[in-house]
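Here the structure comes first, spelled out in structure tokens, and everything after it is commentary.
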Amino acid sequence: MDATPLNEAAVRDALRGVVDPELGDNIVDLGMVDDVKIGPGGEVVVRVALTTPSCPLRGQIKAEVMARAGALAGVSAVDVVTSSMGPEQKAALMAKARWKASQRAPKTTVPARARVLAVSSGKGGVGKSSVSVNLAAGLAARGYTVGVLDADIAGFSVPRMLGVSGQLEATRDPDDPERKLIQPLVRPIGAGELRIVSMGFLAGEDDAVMWRGLMLNRALQHFLEEVAWGDVDYLIVDMPPGTGDIQMGLARMLPSAEVLVVTTPGQTAQKVAARAATMARKSYLRIVGVVENMSAFRCSHGETYELFGHGGGLRLAGEINAPLLASIPLEPAVARGGDSGEPAALDQDSEAGKAFSNLVAAIIERCPVVQMTSCSARVLEALGALERTTVPVAPAS
Ligand SMILES: Nc1ncnc2c1ncn2[C@@H]1O[C@H](COP(=O)(O)OP(=O)(O)OP(=O)(O)O)[C@@H](O)[C@H]1O
Ligand SMILES: [Mg+2]
């Protein structure tokens with residue numbers, strides 16, 4: 001016989017057994033159980049808020065809530081009512097999921113203060129790599145140290161777009177001679193620099209090809225755990241097309257990463273929005289904003305041509321409740337820059353160069369980094385160093 005009285009707390013306790021498999025936590029702690037009502041005859045009504053009305057897990061969560069609540073002594077019937085969350089509730093849920101994930105995240109060589117931006121899209125060929133390299137180059141031109149991780153393992157394009165070639169080499173970690181670290185290839189730009197890692201730097205030599213085969217399915221992990229990124233301010237991750245394993249891997253290893261969604265002006269907003277929302281939900285990453293690429297082309301006579309449609313960036317931004325950060329025109333300078341290795345962002349005479357400057361400024365404003373030259377940062381650093389070197393002293397008795 002079960003002596004536990006049937007009340008709201010007992011039902012909530014039972015519902016702690018219902019785990020949202022994508023967010024990896026139970027629906028009560030995630031704040032998804034809005035309300036529990038118990039009728040005089042033991043009829044239980046549970047209101048569950050889902051992140052999207054079309055949540056693919058709706059049926060599964062509903063069935064589990066019915067099973068868990070239905071198993072409690074005194075329950076005669078269970079009804080589950082689902083609703084979708086408002087923006088604030090969704091933001092709170094994601095913040096909770098992110099925090100939980102950060103508790104489980106493995107150690108990486110990416111410094112904690114670096115802002116990690118994953119450049120993604122719901123579709124291939126929209127300009128993720130072009131936006132990644134131009135954003136990275138633009139940030140470096142403003143004096144930042146920027147890591148560039150080409151996460152498009154099979155279809156890498158970053159080396160060509162940044163005009164960098166060579167082989168990655170591993171050297172001994174000065175802090176741990178047992179360990180080897182991969183040195184990124186460096187390209188100085190203005191007062192800053194790019195530190196670049198790509199599968200493209202592993203192809204070529206026999207050894208490298210073998211290494212490449214071994215690394216393929218764990219490449220992202222290697223790039224996040226074994227690259228000597230050093231003190232980068234930003235890490236720009238050029239994501240492969242699609243929303244699969246790489247995105248999940250990145251979210252698991254760097255839960256603080258933020259997503260920049262690239263779209264074209266003509267894309268059906270709902271479709272891309274649904275994919276972007278699903279991707280963010282699955283990986284609980286924050287979306288920083290939307291970049292519209294291949295926007296209206298202005299010819300030298302001043303006429304504009306909307307070759308790829310109109311308004312897709314704004315529509316998507318509205319749908320996923322994120323700001324539109326910049327619209328990059330369709331301009332030969334972007335493609336040429338990609339082929340020559342001189343990103344258009346470095347050419348302020350081009351319309352695209354100016355548009356990329358707007359994007360860089362928006363990122364600096366919305367994703368500021370703590371400058372180590374600031375007084376408080378230096379004090380923190382000094383304290384950290386002191387903690388590492390001083391021997392603890394027993395308190396005076
Ligand atoms: N604003 C632009 N103006 C002109 N050409 C562009 C622009 N943006 C991208 N391109 C060109 O379009 C092509 C696709 O761009 P890019 O490789 O950046 O897309 P992607 O989303 O990374 O593609 P994938 O999904 O294959 O990784 C490239 O040849 C690039 O030079
Ligand atoms: Mg690409």
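Residues in the structure tokens are named by chain (A, B, ... in the order shown) and by number from 1 within that chain; ligands are numbered from 1 in the order shown.
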At a cut-off of 12 Å around ligand 2, and using only C-alpha atoms and all ligand atoms, what residues come up? Please write them as an mmCIF file with all heavy atoms, in the first residue's frame.
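Okay, this is what ended up in result21.cif:
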```
data_model
loop_
_atom_site.group_PDB
_atom_site.id
_atom_site.type_symbol
_atom_site.label_atom_id
_atom_site.label_comp_id
_atom_site.auth_asym_id
_atom_site.auth_seq_id
_atom_site.Cartn_x
_atom_site.Cartn_y
_atom_site.Cartn_z
ATOM 1 N N ALA A 118 28.858 30.253 -34.144
ATOM 2 C CA ALA A 118 28.692 29.218 -35.162
ATOM 3 C C ALA A 118 27.858 29.787 -36.299
ATOM 4 O O ALA A 118 26.735 30.226 -36.086
ATOM 5 C CB ALA A 118 27.994 28.009 -34.560
ATOM 6 N N VAL A 119 28.436 29.817 -37.494
ATOM 7 C CA VAL A 119 27.730 30.375 -38.643
ATOM 8 C C VAL A 119 26.996 29.225 -39.348
ATOM 9 O O VAL A 119 27.616 28.334 -39.910
ATOM 10 C CB VAL A 119 28.714 31.091 -39.590
ATOM 11 C CG1 VAL A 119 27.967 31.706 -40.764
ATOM 12 C CG2 VAL A 119 29.496 32.158 -38.828
ATOM 13 N N SER A 120 25.666 29.249 -39.243
ATOM 14 C CA SER A 120 24.860 28.109 -39.696
ATOM 15 C C SER A 120 23.767 28.568 -40.650
ATOM 16 O O SER A 120 23.512 29.756 -40.806
ATOM 17 C CB SER A 120 24.147 27.459 -38.512
ATOM 18 O OG SER A 120 25.009 27.273 -37.443
ATOM 19 N N SER A 121 23.094 27.596 -41.219
ATOM 20 C CA SER A 121 21.896 27.914 -42.007
ATOM 21 C C SER A 121 21.072 26.651 -42.106
ATOM 22 O O SER A 121 21.550 25.564 -41.827
ATOM 23 C CB SER A 121 22.261 28.385 -43.409
ATOM 24 O OG SER A 121 22.737 27.298 -44.157
ATOM 25 N N LYS A 123 20.126 25.520 -44.805
ATOM 26 C CA LYS A 123 20.237 25.114 -46.201
ATOM 27 C C LYS A 123 21.673 25.315 -46.689
ATOM 28 O O LYS A 123 22.359 26.208 -46.198
ATOM 29 C CB LYS A 123 19.290 26.029 -46.984
ATOM 30 C CG LYS A 123 19.002 25.603 -48.364
ATOM 31 C CD LYS A 123 17.987 26.529 -48.982
ATOM 32 C CE LYS A 123 18.096 26.365 -50.477
ATOM 33 N NZ LYS A 123 17.950 27.552 -51.223
ATOM 34 N N GLY A 124 22.112 24.534 -47.680
ATOM 35 C CA GLY A 124 23.479 24.670 -48.201
ATOM 36 C C GLY A 124 23.589 25.815 -49.199
ATOM 37 O O GLY A 124 22.593 26.265 -49.761
ATOM 38 N N GLY A 125 24.832 26.273 -49.397
ATOM 39 C CA GLY A 125 25.107 27.220 -50.471
ATOM 40 C C GLY A 125 24.600 28.638 -50.300
ATOM 41 O O GLY A 125 24.576 29.400 -51.253
ATOM 42 N N VAL A 126 24.203 29.012 -49.089
ATOM 43 C CA VAL A 126 23.658 30.359 -48.902
ATOM 44 C C VAL A 126 24.739 31.384 -48.538
ATOM 45 O O VAL A 126 24.461 32.582 -48.484
ATOM 46 C CB VAL A 126 22.546 30.399 -47.829
ATOM 47 C CG1 VAL A 126 21.358 29.554 -48.253
ATOM 48 C CG2 VAL A 126 23.056 29.954 -46.480
ATOM 49 N N GLY A 127 25.951 30.898 -48.264
ATOM 50 C CA GLY A 127 27.045 31.814 -47.965
ATOM 51 C C GLY A 127 27.581 31.728 -46.546
ATOM 52 O O GLY A 127 28.163 32.700 -46.040
ATOM 53 N N LYS A 128 27.442 30.581 -45.912
ATOM 54 C CA LYS A 128 27.975 30.430 -44.545
ATOM 55 C C LYS A 128 29.481 30.670 -44.521
ATOM 56 O O LYS A 128 29.985 31.422 -43.691
ATOM 57 C CB LYS A 128 27.724 29.000 -44.011
ATOM 58 C CG LYS A 128 26.292 28.661 -43.778
ATOM 59 C CD LYS A 128 26.129 27.215 -43.359
ATOM 60 C CE LYS A 128 26.477 26.214 -44.439
ATOM 61 N NZ LYS A 128 25.652 26.280 -45.632
ATOM 62 N N SER A 129 30.179 30.021 -45.459
ATOM 63 C CA SER A 129 31.642 30.147 -45.442
ATOM 64 C C SER A 129 32.049 31.577 -45.787
ATOM 65 O O SER A 129 32.972 32.124 -45.164
ATOM 66 C CB SER A 129 32.269 29.160 -46.427
ATOM 67 O OG SER A 129 31.859 27.858 -46.098
ATOM 68 N N SER A 130 31.355 32.185 -46.737
ATOM 69 C CA SER A 130 31.685 33.571 -47.095
ATOM 70 C C SER A 130 31.466 34.494 -45.901
ATOM 71 O O SER A 130 32.302 35.355 -45.604
ATOM 72 C CB SER A 130 30.812 34.045 -48.265
ATOM 73 O OG SER A 130 30.935 33.164 -49.356
ATOM 74 N N VAL A 131 30.344 34.314 -45.198
ATOM 75 C CA VAL A 131 30.074 35.155 -44.022
ATOM 76 C C VAL A 131 31.119 34.871 -42.941
ATOM 77 O O VAL A 131 31.658 35.797 -42.323
ATOM 78 C CB VAL A 131 28.633 34.921 -43.502
ATOM 79 C CG1 VAL A 131 28.433 35.570 -42.144
ATOM 80 C CG2 VAL A 131 27.616 35.462 -44.503
ATOM 81 N N SER A 132 31.461 33.611 -42.739
ATOM 82 C CA SER A 132 32.446 33.256 -41.694
ATOM 83 C C SER A 132 33.783 33.946 -41.927
ATOM 84 O O SER A 132 34.316 34.598 -41.026
ATOM 85 C CB SER A 132 32.704 31.740 -41.673
ATOM 86 O OG SER A 132 31.532 31.038 -41.409
ATOM 87 N N VAL A 133 34.320 33.801 -43.158
ATOM 88 C CA VAL A 133 35.670 34.335 -43.377
ATOM 89 C C VAL A 133 35.663 35.865 -43.396
ATOM 90 O O VAL A 133 36.609 36.496 -42.917
ATOM 91 C CB VAL A 133 36.330 33.776 -44.674
ATOM 92 C CG1 VAL A 133 36.484 32.270 -44.596
ATOM 93 C CG2 VAL A 133 35.555 34.157 -45.921
ATOM 94 N N LEU A 149 37.468 28.135 -37.138
ATOM 95 C CA LEU A 149 37.400 26.680 -37.179
ATOM 96 C C LEU A 149 36.518 26.270 -38.354
ATOM 97 O O LEU A 149 35.330 26.585 -38.375
ATOM 98 C CB LEU A 149 36.811 26.170 -35.857
ATOM 99 C CG LEU A 149 36.985 24.698 -35.514
ATOM 100 C CD1 LEU A 149 36.540 24.448 -34.084
ATOM 101 C CD2 LEU A 149 36.277 23.759 -36.434
ATOM 102 N N ASP A 150 37.128 25.622 -39.317
ATOM 103 C CA ASP A 150 36.381 25.152 -40.487
ATOM 104 C C ASP A 150 35.768 23.807 -40.100
ATOM 105 O O ASP A 150 36.430 22.775 -40.144
ATOM 106 C CB ASP A 150 37.365 24.999 -41.657
ATOM 107 C CG ASP A 150 36.674 24.669 -42.960
ATOM 108 O OD1 ASP A 150 35.461 24.398 -42.932
ATOM 109 O OD2 ASP A 150 37.355 24.704 -44.008
ATOM 110 N N ALA A 151 34.498 23.859 -39.687
ATOM 111 C CA ALA A 151 33.846 22.623 -39.222
ATOM 112 C C ALA A 151 33.191 21.879 -40.380
ATOM 113 O O ALA A 151 32.522 20.877 -40.170
ATOM 114 C CB ALA A 151 32.809 22.935 -38.148
ATOM 115 N N ASP A 152 33.390 22.374 -41.595
ATOM 116 C CA ASP A 152 32.895 21.641 -42.762
ATOM 117 C C ASP A 152 33.985 20.634 -43.116
ATOM 118 O O ASP A 152 34.854 20.889 -43.949
ATOM 119 C CB ASP A 152 32.605 22.606 -43.919
ATOM 120 C CG ASP A 152 31.722 21.954 -44.973
ATOM 121 O OD1 ASP A 152 31.614 20.704 -44.956
ATOM 122 O OD2 ASP A 152 31.147 22.670 -45.800
ATOM 123 N N ILE A 153 33.939 19.512 -42.427
ATOM 124 C CA ILE A 153 35.029 18.534 -42.475
ATOM 125 C C ILE A 153 35.207 17.975 -43.889
ATOM 126 O O ILE A 153 36.323 17.870 -44.391
ATOM 127 C CB ILE A 153 34.732 17.375 -41.480
ATOM 128 C CG1 ILE A 153 34.428 17.933 -40.082
ATOM 129 C CG2 ILE A 153 35.854 16.367 -41.464
ATOM 130 C CD1 ILE A 153 35.524 18.702 -39.438
ATOM 131 N N ALA A 154 34.107 17.639 -44.531
ATOM 132 C CA ALA A 154 34.211 17.016 -45.852
ATOM 133 C C ALA A 154 34.296 18.052 -46.972
ATOM 134 O O ALA A 154 34.968 17.829 -47.973
ATOM 135 C CB ALA A 154 33.015 16.098 -46.077
ATOM 136 N N GLY A 155 33.661 19.204 -46.798
ATOM 137 C CA GLY A 155 33.627 20.178 -47.900
ATOM 138 C C GLY A 155 34.298 21.481 -47.536
ATOM 139 O O GLY A 155 33.774 22.557 -47.837
ATOM 140 N N PHE A 156 35.484 21.388 -46.933
ATOM 141 C CA PHE A 156 36.135 22.618 -46.436
ATOM 142 C C PHE A 156 36.383 23.644 -47.536
ATOM 143 O O PHE A 156 36.728 23.286 -48.652
ATOM 144 C CB PHE A 156 37.462 22.269 -45.756
ATOM 145 C CG PHE A 156 38.378 21.424 -46.602
ATOM 146 C CD1 PHE A 156 39.204 22.004 -47.538
ATOM 147 C CD2 PHE A 156 38.411 20.048 -46.448
ATOM 148 C CE1 PHE A 156 40.048 21.239 -48.316
ATOM 149 C CE2 PHE A 156 39.247 19.263 -47.221
ATOM 150 C CZ PHE A 156 40.064 19.858 -48.163
ATOM 151 N N SER A 157 36.179 24.934 -47.212
ATOM 152 C CA SER A 157 36.484 25.969 -48.201
ATOM 153 C C SER A 157 37.236 27.136 -47.582
ATOM 154 O O SER A 157 37.644 28.060 -48.278
ATOM 155 C CB SER A 157 35.183 26.462 -48.861
ATOM 156 O OG SER A 157 34.204 26.721 -47.893
ATOM 157 N N VAL A 158 37.435 27.091 -46.270
ATOM 158 C CA VAL A 158 38.082 28.214 -45.578
ATOM 159 C C VAL A 158 39.524 28.475 -46.050
ATOM 160 O O VAL A 158 39.892 29.639 -46.251
ATOM 161 C CB VAL A 158 38.001 28.000 -44.041
ATOM 162 C CG1 VAL A 158 38.916 28.945 -43.301
ATOM 163 C CG2 VAL A 158 36.556 28.175 -43.584
ATOM 164 N N PRO A 159 40.358 27.438 -46.259
ATOM 165 C CA PRO A 159 41.741 27.737 -46.667
ATOM 166 C C PRO A 159 41.800 28.579 -47.940
ATOM 167 O O PRO A 159 42.512 29.590 -47.976
ATOM 168 C CB PRO A 159 42.353 26.341 -46.899
ATOM 169 C CG PRO A 159 41.557 25.431 -46.007
ATOM 170 C CD PRO A 159 40.161 25.987 -46.021
ATOM 171 N N ARG A 160 41.008 28.209 -48.947
ATOM 172 C CA ARG A 160 41.021 28.971 -50.196
ATOM 173 C C ARG A 160 40.475 30.384 -49.967
ATOM 174 O O ARG A 160 41.052 31.374 -50.410
ATOM 175 C CB ARG A 160 40.163 28.242 -51.235
ATOM 176 C CG ARG A 160 39.968 29.002 -52.536
ATOM 177 C CD ARG A 160 39.142 28.197 -53.543
ATOM 178 N NE ARG A 160 37.869 27.709 -53.008
ATOM 179 C CZ ARG A 160 36.734 28.421 -52.979
ATOM 180 N NH1 ARG A 160 36.716 29.649 -53.431
ATOM 181 N NH2 ARG A 160 35.633 27.909 -52.474
ATOM 182 N N MET A 161 39.390 30.466 -49.222
ATOM 183 C CA MET A 161 38.757 31.773 -49.040
ATOM 184 C C MET A 161 39.617 32.744 -48.238
ATOM 185 O O MET A 161 39.438 33.952 -48.343
ATOM 186 C CB MET A 161 37.404 31.601 -48.347
ATOM 187 C CG MET A 161 36.346 31.019 -49.265
ATOM 188 S SD MET A 161 34.766 30.956 -48.413
ATOM 189 C CE MET A 161 33.650 30.723 -49.788
ATOM 190 N N SER A 198 41.638 23.771 -40.381
ATOM 191 C CA SER A 198 40.718 23.191 -41.364
ATOM 192 C C SER A 198 41.242 21.820 -41.764
ATOM 193 O O SER A 198 42.461 21.573 -41.726
ATOM 194 C CB SER A 198 40.669 24.098 -42.597
ATOM 195 O OG SER A 198 40.026 23.443 -43.667
ATOM 196 N N VAL A 237 33.052 29.653 -36.171
ATOM 197 C CA VAL A 237 32.970 28.264 -36.626
ATOM 198 C C VAL A 237 32.128 28.229 -37.909
ATOM 199 O O VAL A 237 30.943 28.562 -37.889
ATOM 200 C CB VAL A 237 32.329 27.363 -35.552
ATOM 201 C CG1 VAL A 237 32.392 25.904 -35.989
ATOM 202 C CG2 VAL A 237 33.024 27.547 -34.204
ATOM 203 N N ASP A 238 32.779 27.853 -39.000
ATOM 204 C CA ASP A 238 32.056 27.720 -40.279
ATOM 205 C C ASP A 238 31.403 26.339 -40.292
ATOM 206 O O ASP A 238 32.078 25.321 -40.399
ATOM 207 C CB ASP A 238 33.054 27.871 -41.445
ATOM 208 C CG ASP A 238 32.372 27.711 -42.803
ATOM 209 O OD1 ASP A 238 31.128 27.806 -42.865
ATOM 210 O OD2 ASP A 238 33.090 27.490 -43.798
ATOM 211 N N MET A 239 30.075 26.328 -40.155
ATOM 212 C CA MET A 239 29.368 25.057 -40.022
ATOM 213 C C MET A 239 29.107 24.426 -41.385
ATOM 214 O O MET A 239 28.923 25.122 -42.379
ATOM 215 C CB MET A 239 28.022 25.282 -39.324
ATOM 216 C CG MET A 239 28.143 25.868 -37.932
ATOM 217 S SD MET A 239 29.062 24.826 -36.803
ATOM 218 C CE MET A 239 27.827 23.582 -36.463
ATOM 219 N N PRO A 240 29.060 23.099 -41.419
ATOM 220 C CA PRO A 240 28.698 22.433 -42.674
ATOM 221 C C PRO A 240 27.218 22.615 -42.941
ATOM 222 O O PRO A 240 26.459 22.958 -42.033
ATOM 223 C CB PRO A 240 29.018 20.964 -42.382
ATOM 224 C CG PRO A 240 28.926 20.838 -40.903
ATOM 225 C CD PRO A 240 29.285 22.165 -40.318
ATOM 226 N N PRO A 241 26.789 22.375 -44.189
ATOM 227 C CA PRO A 241 25.348 22.459 -44.450
ATOM 228 C C PRO A 241 24.591 21.414 -43.629
ATOM 229 O O PRO A 241 25.163 20.384 -43.262
ATOM 230 C CB PRO A 241 25.229 22.176 -45.952
ATOM 231 C CG PRO A 241 26.543 21.641 -46.392
ATOM 232 C CD PRO A 241 27.560 22.038 -45.385
ATOM 233 N N GLY A 242 23.351 21.693 -43.330
ATOM 234 C CA GLY A 242 22.569 20.732 -42.547
ATOM 235 C C GLY A 242 22.663 21.022 -41.063
ATOM 236 O O GLY A 242 23.352 21.944 -40.642
ATOM 237 N N VAL A 262 22.433 32.267 -41.358
ATOM 238 C CA VAL A 262 22.538 32.915 -42.667
ATOM 239 C C VAL A 262 21.369 32.457 -43.537
ATOM 240 O O VAL A 262 21.025 31.282 -43.562
ATOM 241 C CB VAL A 262 23.870 32.541 -43.363
ATOM 242 C CG1 VAL A 262 24.004 33.273 -44.694
ATOM 243 C CG2 VAL A 262 25.049 32.862 -42.463
ATOM 244 N N GLY A 338 36.511 35.376 -52.347
ATOM 245 C CA GLY A 338 36.567 33.984 -51.915
ATOM 246 C C GLY A 338 37.561 33.184 -52.731
ATOM 247 O O GLY A 338 38.219 32.277 -52.214
#
```
(request) With a distance cut-off of 12 Å and only C-alpha atoms, select the neighbouring residues of Arg286 of chain A, excluding the residue or stretch itself and same-chain residues fewer than 2 positions from it, and output the selection as number ranges by chain. (result) A: 90-99, 115-118, 251, 254-261, 276-277, 279-284, 288-290, 320-322, 367
Saved selection, atoms kept: C-alpha atoms, as a PDB file, in the first residue's frame:
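This is the output file selection-v4.pdb:
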```pdb
ATOM      1  CA  LYS A  90      11.495  29.719 -23.925  1.00  0.00           C
ATOM      2  CA  ALA A  91      14.498  31.912 -23.135  1.00  0.00           C
ATOM      3  CA  ALA A  92      14.412  30.801 -19.487  1.00  0.00           C
ATOM      4  CA  LEU A  93      14.218  27.144 -20.513  1.00  0.00           C
ATOM      5  CA  MET A  94      17.156  27.483 -22.893  1.00  0.00           C
ATOM      6  CA  ALA A  95      19.200  29.310 -20.250  1.00  0.00           C
ATOM      7  CA  LYS A  96      18.560  26.443 -17.836  1.00  0.00           C
ATOM      8  CA  ALA A  97      19.422  23.794 -20.431  1.00  0.00           C
ATOM      9  CA  ARG A  98      22.611  25.689 -21.334  1.00  0.00           C
ATOM     10  CA  TRP A  99      23.655  25.933 -17.727  1.00  0.00           C
ATOM     11  CA  ARG A 115      32.930  34.414 -27.891  1.00  0.00           C
ATOM     12  CA  VAL A 116      32.180  31.391 -30.035  1.00  0.00           C
ATOM     13  CA  LEU A 117      29.985  32.091 -33.055  1.00  0.00           C
ATOM     14  CA  ALA A 118      28.692  29.218 -35.162  1.00  0.00           C
ATOM     15  CA  ALA A 251      26.773  22.376 -28.467  1.00  0.00           C
ATOM     16  CA  LEU A 254      30.958  24.450 -26.135  1.00  0.00           C
ATOM     17  CA  PRO A 255      27.519  25.138 -24.666  1.00  0.00           C
ATOM     18  CA  SER A 256      28.325  28.851 -24.605  1.00  0.00           C
ATOM     19  CA  ALA A 257      28.516  28.963 -28.423  1.00  0.00           C
ATOM     20  CA  GLU A 258      26.068  31.283 -30.139  1.00  0.00           C
ATOM     21  CA  VAL A 259      24.527  30.891 -33.568  1.00  0.00           C
ATOM     22  CA  LEU A 260      24.460  33.266 -36.511  1.00  0.00           C
ATOM     23  CA  VAL A 261      21.837  32.139 -39.022  1.00  0.00           C
ATOM     24  CA  ALA A 276      16.669  27.138 -37.275  1.00  0.00           C
ATOM     25  CA  ALA A 277      14.316  26.793 -34.305  1.00  0.00           C
ATOM     26  CA  MET A 279      18.415  23.302 -34.490  1.00  0.00           C
ATOM     27  CA  ALA A 280      18.530  25.780 -31.619  1.00  0.00           C
ATOM     28  CA  ARG A 281      16.181  23.623 -29.559  1.00  0.00           C
ATOM     29  CA  LYS A 282      18.145  20.463 -30.162  1.00  0.00           C
ATOM     30  CA  SER A 283      21.406  22.122 -29.299  1.00  0.00           C
ATOM     31  CA  TYR A 284      20.075  24.755 -26.867  1.00  0.00           C
ATOM     32  CA  VAL A 288      22.614  35.960 -31.949  1.00  0.00           C
ATOM     33  CA  GLY A 289      20.872  37.063 -35.101  1.00  0.00           C
ATOM     34  CA  VAL A 290      20.230  36.631 -38.779  1.00  0.00           C
ATOM     35  CA  ILE A 320      12.643  33.221 -34.815  1.00  0.00           C
ATOM     36  CA  ASN A 321      12.508  36.367 -32.728  1.00  0.00           C
ATOM     37  CA  ALA A 322      16.123  37.400 -33.396  1.00  0.00           C
ATOM     38  CA  CYS A 367      28.928  39.895 -28.383  1.00  0.00           C
TER      39      CYS A 367
END
```
(message) Need the shell around Leu224 of chain A: protein/DNA/RNA residues with any atom at most 10 Å away, counting only C-alpha atoms. Skip same-chain ones fewer than 4 positions apart. Format as number ranges by chain?
(response) A: 106-110, 149, 219-220, 228-229, 250, 253-254
Tell me which protein, DNA and RNA residues are within 10 Å of Ala326 of chain A, counting only C-alpha atoms, leaving out same-chain ones fewer than 2 positions away, and put them as an mmCIF file with C-alpha atoms, in the first residue's frame.
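Written out: selection.cif:
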```cif
data_model
loop_
_atom_site.group_PDB
_atom_site.id
_atom_site.type_symbol
_atom_site.label_atom_id
_atom_site.label_comp_id
_atom_site.auth_asym_id
_atom_site.auth_seq_id
_atom_site.Cartn_x
_atom_site.Cartn_y
_atom_site.Cartn_z
ATOM 1 C CA VAL A 262 22.538 32.915 -42.667
ATOM 2 C CA GLY A 289 20.872 37.063 -35.101
ATOM 3 C CA VAL A 290 20.230 36.631 -38.779
ATOM 4 C CA VAL A 291 22.455 37.634 -41.706
ATOM 5 C CA GLU A 292 20.765 38.027 -45.055
ATOM 6 C CA ASN A 293 23.206 37.177 -47.820
ATOM 7 C CA SER A 295 20.609 40.661 -51.046
ATOM 8 C CA GLY A 313 16.192 38.100 -43.671
ATOM 9 C CA LEU A 314 13.592 40.244 -41.957
ATOM 10 C CA PRO A 323 17.551 40.622 -34.857
ATOM 11 C CA LEU A 324 18.551 41.026 -38.503
ATOM 12 C CA ILE A 328 25.132 41.491 -47.620
ATOM 13 C CA PRO A 329 24.530 42.359 -51.283
ATOM 14 C CA ALA A 355 27.833 45.624 -45.390
ATOM 15 C CA PHE A 356 30.321 43.268 -43.752
ATOM 16 C CA SER A 357 31.549 46.228 -41.656
ATOM 17 C CA ASN A 358 27.989 46.632 -40.370
ATOM 18 C CA LEU A 359 27.951 42.964 -39.444
ATOM 19 C CA VAL A 360 31.307 43.235 -37.666
ATOM 20 C CA ALA A 361 30.098 46.299 -35.735
ATOM 21 C CA ALA A 362 26.861 44.508 -34.762
#
```
(request) Write out as a ChimeraX atom specification all residues of segment 55-225 of chain A that DSSP puts in strand (DSSP E) for this structure's backbone. (result) /A:77-84,115-120,145-150,169-173,176-183,185-189,192-197
(request) Considering only C-alpha atoms, return as a list in words whatever protein or nucleic-acid residues lie within 10 Å of Pro56 of chain A, sequence-local ones (same chain, fewer than 5 positions apart) excluded. (result) Leu50, Ile61 and Thr278 of chain A
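Among the candidates A:Leu57, A:Gly122, A:Asp231, A:Ala141, the residue lying nearest to ligand 1 is A:Gly122 (atoms considered: only C-alpha atoms and all ligand atoms).
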(message) Applying 10 Å and only C-alpha atoms, which residues near Pro53 of chain A remain after dropping the ones on its own chain fewer than 6 positions away? List them as an MDAnalysis selection string.
(response) chainID A and resid 82:85
If you keep all heavy atoms, can you produce a file of those selected residues as a compact mmCIF listing (two decimals), in the first residue's frame?
```
# COMPACT_ATOMS: atom_id res chain seq x y z
N THR A 82 -1.28 20.29 -23.83
CA THR A 82 -0.01 20.93 -24.21
C THR A 82 -0.26 22.32 -24.77
O THR A 82 -1.29 22.58 -25.39
CB THR A 82 0.76 20.09 -25.26
OG1 THR A 82 -0.08 19.88 -26.39
CG2 THR A 82 1.21 18.76 -24.70
N SER A 83 0.70 23.20 -24.52
CA SER A 83 0.64 24.55 -25.09
C SER A 83 2.04 24.89 -25.55
O SER A 83 2.98 24.14 -25.25
CB SER A 83 0.16 25.53 -24.02
OG SER A 83 1.06 25.50 -22.94
N SER A 84 2.20 26.00 -26.27
CA SER A 84 3.57 26.36 -26.63
C SER A 84 4.02 27.57 -25.83
O SER A 84 3.23 28.43 -25.45
CB SER A 84 3.72 26.57 -28.14
OG SER A 84 2.73 27.44 -28.58
N MET A 85 5.32 27.59 -25.57
CA MET A 85 5.90 28.61 -24.69
C MET A 85 5.95 29.99 -25.35
O MET A 85 6.14 30.08 -26.56
CB MET A 85 7.33 28.23 -24.35
CG MET A 85 7.43 26.98 -23.55
SD MET A 85 9.16 26.68 -23.14
CE MET A 85 8.93 25.31 -22.03
```
(request) Run DSSP on the backbone and grab whatever in segment 227-294 of chain A lands in alpha helix (DSSP H); send it over as a PyMOL selection string. (result) chain A and resi 245-253+269-283
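Atom pair atom CA of Asp79 of chain A / atom CA of Lys62 of chain A: separated by 9.0 Å.
Taking atom CA of Leu316 of chain A and atom CA of Ala274 of chain A as endpoints, the distance between them is 9.5 Å.
Of the residues under consideration (A:Asp176, A:Asp233, A:Asp25, A:Glu351), A:Glu351 shows the shortest atom-to-atom contact distance to Met294 of chain A when counting only C-alpha atoms.
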(request) Identify which of the residues A:Arg195, A:Met66, A:Val232, A:Arg366 lies closest to Tyr144 of chain A, counting only C-alpha atoms when measuring atom-to-atom distances. (result) A:Val232
